[in-house]
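Okay, structure first, notes after.
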Amino acid sequence: MIDIPIPSIFTYENEDGTWELIDGLQRISTIFEFFGILRNPQTGEVLPPSALSKTAYLPSLENAVWENSSKISGVPVAAQVALEKPQQLAIRRARLDVQVLKQPSDSETKFHLFQRLNRGGAYANEQEVRTCAMVMVNADFVKGIKRLAANTKFAEICSIKPQSSQRQKDVEYVSRLLVHAYYDYDNESDVEEFLDARIIDALKEVDFKEFEERFEFTVSILYELFGAKALFPNAGTVASQGERFSLRSLETVFVGILRNAGSIEKLQDPGAFIKEKVLTFWKQPEVESMSASGLRGTQRLQRTIPFGAMWFKPSGN
């Protein structure tokens, strides 16, 4: 309406000639919603159209609509201001640049493209971008990850608050667990780069059912033994200042049990084994160095994952 170009949207051309949207969902859905043609992706039902709000330089946009409708929520028809025909025509004639990428439509290429287009913005964090890209690789697996992330005991153990969940902190932790359960850190990549690369492999190669069983076993037994403070220093049994959940605990205790879940379950008393190993874990001299001041994430991973995997491995296995 004020002739400011809208940034390009990016699509992939599939083998059947259809376009798959890679970047530009908010732009497209906002336009469709305003026109009253946006559909619920699950049900296919057309969603109610939207009304605009005034801005500092365009106060006349308050309650502006494409056309009057009783379906518009919160704005009665009498208060709606329908755009005039010349304004509608100007919008219809406006150009929206579409970049159609005709490279091979493999999921891994789309994953990296999506991240390149969406990284660096101020609105989406690393995991929010990663989750969107993960859906392109294996949508069903990602649904499973979100289901595991919604486990209330897991949220308590990892000290995940509702506001953190909204920023997908819970999904991030489950994604980290999935990667660390099956892949060793390469000691070279940046932590985020390592997670990005290995999560692709995990979504393609890992049996979700197996991961789910390991995950639920680990959550259940930790919560049963130590409650919400299972991943706190000393599993919450020793009162001290600064006691809190940390990635060090997730990467050692949780991943250590997760990696050895099959062997631990075969023990005569898995609970007694884990309780003893968790409590003695915090007394080991190596543990303190895993959270030393100035320690980078890459350095921490080189220490936590191998140590935890060995510490919780039953003898003779």
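Residues in the structure tokens are named by chain (A, B, ... in the order shown) and by number from 1 within that chain; ligands are numbered from 1 in the order shown.
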Residues at most 12 Å from range 264-272 of chain A, counting only C-alpha atoms, excluding those fewer than 6 positions away in the same chain, as a ChimeraX atom specification?
/A:213-214,217-218,220-226,256-258,278-279,311-317
Can I get the residues of range 115-227 of chain A within 8 Å of range 240-255 of chain A, each with the closest pair of atoms and their distance in Å to one decimal, using only C-alpha atoms, sorted chain first then ascending number, as a tab-separated table?
```
residue	atom	partner	partner_atom	distance
A:Ile157	CA	A:Phe245	CA	7.9
A:Cys158	CA	A:Phe245	CA	6.2
A:Ser159	CA	A:Phe245	CA	6.6
A:Leu177	CA	A:Val255	CA	6.4
A:His180	CA	A:Val255	CA	6.7
A:Ala181	CA	A:Val255	CA	6.0
A:Thr218	CA	A:Phe254	CA	7.0
```
Generate a file of the selected residues that holds C-alpha atoms, formatted as a PDB file, in the first residue's frame.
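This is the output file part29.pdb:
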```
ATOM      1  CA  ILE A 157      13.755 -32.676  35.839  1.00  0.00           C
ATOM      2  CA  CYS A 158      15.110 -30.160  33.311  1.00  0.00           C
ATOM      3  CA  SER A 159      13.614 -27.140  35.112  1.00  0.00           C
ATOM      4  CA  LEU A 177      19.429 -36.178  23.850  1.00  0.00           C
ATOM      5  CA  HIS A 180      24.046 -37.502  21.973  1.00  0.00           C
ATOM      6  CA  ALA A 181      22.446 -40.900  22.522  1.00  0.00           C
ATOM      7  CA  THR A 218      15.455 -42.754  31.864  1.00  0.00           C
TER       8      THR A 218
END
```
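CA of Ala202 in chain A to CA of Val142 in chain A spans 10.9 Å [interatomic distance, one decimal].
The shell of residues at most 9 Å from Arg95 in chain A, with only C-alpha atoms counted and near chain neighbours (fewer than 2 positions) removed, consists of A:Pro5, A:Ile6, A:Ile91, A:Arg92, A:Arg93, A:Asp97.
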With only C-alpha atoms as the counted atoms, please give the residues lying no more than 9 Å from range 31-42 of chain A, apart from itself and same-chain residues fewer than 5 positions off, as a ChimeraX atom specification.
/A:26,47-52,65-67
Output file for the residues above (C-alpha atoms, as a PDB file, in the first residue's frame):
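So the final result, stored in part-v2.pdb, reads:
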```
ATOM      1  CA  GLN A  26       4.383 -15.606   7.642  1.00  0.00           C
ATOM      2  CA  LEU A  47     -10.233 -19.389   8.890  1.00  0.00           C
ATOM      3  CA  PRO A  48     -11.909 -16.058   9.721  1.00  0.00           C
ATOM      4  CA  PRO A  49     -10.416 -13.058   7.883  1.00  0.00           C
ATOM      5  CA  SER A  50      -8.443 -10.476   9.823  1.00  0.00           C
ATOM      6  CA  ALA A  51      -8.714  -6.731  10.371  1.00  0.00           C
ATOM      7  CA  LEU A  52      -5.750  -4.356  10.302  1.00  0.00           C
ATOM      8  CA  VAL A  65     -10.685  -5.117   6.174  1.00  0.00           C
ATOM      9  CA  TRP A  66     -10.638  -6.580   2.683  1.00  0.00           C
ATOM     10  CA  GLU A  67     -14.410  -6.703   2.793  1.00  0.00           C
TER      11      GLU A  67
END
```
